[in-house]
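K.L.:
First the structure, which I've put down as structure tokens, then a few questions once you've had a look.
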Amino acid sequence: MSAILPPSERLWWKQPIDKVEWAWIAIAFVWGMIMFAMMIYWHIYGKQNLSNEAYKTTPELFAAKAEKFIAENTIRTEKGLNGEEIPVAKVPAGGAGYLIARLWAWYPILELEKGQTYKIHLSSLDYNHGFSLQPVNINIQVIPGYEHVVKMTPTKEGTYAIVCNEYCGIGHHSMLGRIYVK
Amino acid sequence: MATTYRTCPVSGLQFEDQAEKLMRWNAVAGVLWLLVGGITALLVILTRWPAIKLLPADQFYLILTAHGIDMLILWILFFEMAVLYFASSTLLRCRLATPKIAWLGFWLMVVGGIMTNVAIFQGESSVMFTSYVPMQAAWHFYLGIILVAVGALLGTAVFFGTLVVAKRDRTYQGSLPLVTFGALTAAIIATFTILAGAGILVPTFFWSIGLIKEIDAQLYRMVWWGLGHSSQQINVAAHVSVWYLTAAVIFGAKPLSEKVSRFAFLLYILFLQLASAHHLLSDPGMSAEWKVLNTSYFMYFAVMASMIHGFTVPGAIEAAQRRKGYTNGLFEWLRKAPWGNPVFSGMFISLVSFGFLGGISGVVLGTEQINMLMHNTFYVPGHFHTTVVTGTTLAFMAITYLLVPVLFRREMILPKLCQIQPYLFGISMSVLGLVMMGAGTLGVSRRHWDMAFSGAPFQYEWPGAAYLMMGLTGIFGVIAVIGGGLWILLVVGSLLFGKKLDGGKVSDKPTPIPAATQAASAVAHGSDHVGVPGTVVLALLLFVSFVLYYFVNWKYLSEVWLLS
């Protein structure tokens, strides 16, 4: 019962390590290095990397910028299932769009074009929220006080849902947004 | 202080009176929290099962908060205190240092645990286990957790003190036993964890009573995960120690190499905490360089440590079995293992499930870019139910089948059911983890009351497969709750009604561990060396699964929208 007794060899650190164990340690080490390199490789050659561009902000500041964007880019409004009017803002191709996360809505609806690259500014006006684009399944944390500028290029047309996947209170499950890709 | 030492006639283990009482009380308190956690688990499962959807939203979030706190903190920490006292006082055959402080720690943990639960069940603290600011809980929610942390810190200090007592009283010679060394690892990580926890929860408590105006939401997440993730590393170090303990007790297995196993534990101390960065991979506030450095280069040394233990634990068992003559083929040693003994079967299912499911999914989830596919989805709880539950909890359940007769001096009741329980719980919980990960891969969110989004301005229909996965989650979740409930029933039943066993000789002096004789040392290495081909095959199987699953996820990632 040696694992519960002091090592039987007092100089256990001088005992040789078996070949098989060395081989396994080497495999584990090399595999770790491959996984490490893979992330760096993807930053250089991969096409899905989370943006590094983020700024400190305040809810008031971000809301003002977003409202300005909505005022300038709204192309129509849509009626939600609860009867509310929701603006649809067409983000200029290659330009910047703003998406507000707040209790309990993603605001406004964004309209994008396939193959164009957009800078989407994400922030929360209250609690943490989770930007979960479905059914593509891209998930990004949205934190109050931080404006995250994510470059996105939609690859397929369609109607997409933004689910909130960070718990944000009693209405969390009703926090659903929309993105159109034409 | 006068105390007595009892030598257990079954195991030969020596229990000091104070340490024994503390172990019992801590273990029993842990089991009671597991009971609360289990009841809340059932309610969570029955609500997330789309066909049943038992609770209304407010109650669901309340119960989910309680489930997280009671399982991840209270059940596991109480049991770990018992493990620490066992690994120090019992294995080193010495008295426990400052038992009064240990009792103070215990009662602080009890009071704190109750306080936090009161806050949760009063309904104003449904903030989840993570309690991300600026969502605010009642002040006693935070204070309770702080008290638990202080209590655990005292327990850890008593553990360190006991190591000093053993050294000074020369109750053992040479180095610490490997299991104690593993527990020492856990205790060192615990100290770091609790300090990180104090660093964030103390200001948050002041914020909740109005003394601090604001806490930065990103900063909170970073420091909180120094507590939230590192506390799970205490569990890993503790349950790996329990694996070695089980292998030693059941098979008389000795580590393949003391040096390798200890080195792997050392890697945990040096690198595991940094893994907490992988909770922030999809956050705005950290740079990609920071994320890659912390989660990969550093974390992979910890992954390497787990891969080493994943090899050396079954390797030690195989070597012990082969020495006993089970040498046919690759796997006779495993086939002829005592599968009817719940101590072994539970430990082995824990090992396999932790390695294949929890370990692989954790590394994939912790890859910077791939994290975007899974962050905050149901994949995340799927992952940690195969680490903390099939890994830690199952290992603790298995060792309890040994502790009941040895520590509580009761025979286990209903031995047939005891045999079945690890399979029922371990397998259903493993499948549960898998289908949860499946649902998460399809995008289903964690901590979400309604897949149908009732009350939302739009409609979104999850794919049919997601509903199938959630239905399976419901079914296997209920089976797992039955498996866990059965364990509580068997343990509590045995403590109350099991046949009383002879406690063994009591003496007022400890009997030191006899020094290893020359003869024993001579055969220890080299001369009795046996190969472990079966373990090599198992390890390679793990490695191939790991590599395949890792690259499949890069393939998934390459198919989503372009992001930069």
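As shown in the structure tokens, the chain order sets the letters A, B, ...; within each chain, residues go from 1, and ligands are also counted from 1 in the order they appear.
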Please report as a ChimeraX atom specification which residues of chain A come no farther than 7 Å from chain B, using only C-alpha atoms.

P.N.:
/A:1-10,12-13,17,25,28-29,32,36,39,47-52,54,80-82,127,134,136-141,143-144,146,148,150-155,161,165-167,170,173-176

K.L.:
Find the residues around region 1-14 of chain B up to 6 Å (only C-alpha atoms counted), leave out those fewer than 6 positions away in its own chain, and share them as a ChimeraX atom specification.

P.N.:
/B:90,93,503-508,510

K.L.:
Which neighbours of Gly105 (chain B) fall inside 8 Å, counting only C-alpha atoms, when residues of the same chain fewer than 4 positions from it are skipped, and could you give them as an NGL selection string?

P.N.:
:B and (101 or 109 or 150-155)

K.L.:
Store the residues picked out above, limited to N, CA and C atoms, as an mmCIF file, in the first residue's frame.

P.N.:
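Result written to selection_31.cif:
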```
data_model
loop_
_atom_site.group_PDB
_atom_site.id
_atom_site.type_symbol
_atom_site.label_atom_id
_atom_site.label_comp_id
_atom_site.auth_asym_id
_atom_site.auth_seq_id
_atom_site.Cartn_x
_atom_site.Cartn_y
_atom_site.Cartn_z
ATOM 1 N N ILE B 101 -9.437 24.850 16.575
ATOM 2 C CA ILE B 101 -9.506 25.701 15.377
ATOM 3 C C ILE B 101 -10.253 24.961 14.259
ATOM 4 N N MET B 109 -18.215 27.190 8.574
ATOM 5 C CA MET B 109 -18.713 26.690 7.293
ATOM 6 C C MET B 109 -20.194 26.350 7.376
ATOM 7 N N VAL B 150 -13.670 31.343 4.976
ATOM 8 C CA VAL B 150 -12.802 31.493 6.147
ATOM 9 C C VAL B 150 -12.703 30.163 6.894
ATOM 10 N N GLY B 151 -13.844 29.488 7.044
ATOM 11 C CA GLY B 151 -13.862 28.181 7.710
ATOM 12 C C GLY B 151 -12.960 27.185 6.997
ATOM 13 N N ALA B 152 -13.066 27.179 5.667
ATOM 14 C CA ALA B 152 -12.250 26.243 4.882
ATOM 15 C C ALA B 152 -10.769 26.592 5.014
ATOM 16 N N LEU B 153 -10.488 27.891 5.091
ATOM 17 C CA LEU B 153 -9.094 28.320 5.241
ATOM 18 C C LEU B 153 -8.535 27.833 6.583
ATOM 19 N N LEU B 154 -9.364 27.897 7.648
ATOM 20 C CA LEU B 154 -8.929 27.389 8.954
ATOM 21 C C LEU B 154 -8.643 25.892 8.867
ATOM 22 N N GLY B 155 -9.555 25.160 8.204
ATOM 23 C CA GLY B 155 -9.356 23.718 8.035
ATOM 24 C C GLY B 155 -8.051 23.428 7.310
#
```

K.L.:
May I have the residues within 10 Å of Ile475 (chain B) as a PyMOL selection string, using only C-alpha atoms and disregarding those fewer than 6 positions away in the same chain?

P.N.:
chain B and resi 45-46+49+428+432+469

K.L.:
Since we have the selection now, will you write its residues out, keeping C-alpha atoms, as a short mmCIF file (atom, residue, chain, number, x, y, z; two decimals), in the first residue's frame?

P.N.:
```
data_model
loop_
_atom_site.label_atom_id
_atom_site.label_comp_id
_atom_site.auth_asym_id
_atom_site.auth_seq_id
_atom_site.Cartn_x
_atom_site.Cartn_y
_atom_site.Cartn_z
CA ILE B 45 -33.78 18.76 -14.57
CA LEU B 46 -37.58 18.55 -14.52
CA TRP B 49 -36.91 18.87 -19.72
CA SER B 428 -26.20 7.87 -16.25
CA LEU B 432 -26.13 13.09 -19.11
CA MET B 469 -30.94 16.15 -26.60
#
```

K.L.:
My list of candidates is B:Leu351, B:Val404, B:Leu211, B:Met115. Which is closest to Met23 (chain B) when distances are computed with only C-alpha atoms?

P.N.:
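Once distances to Met23 (chain B) are computed over only C-alpha atoms, the minimum belongs to B:Val404.
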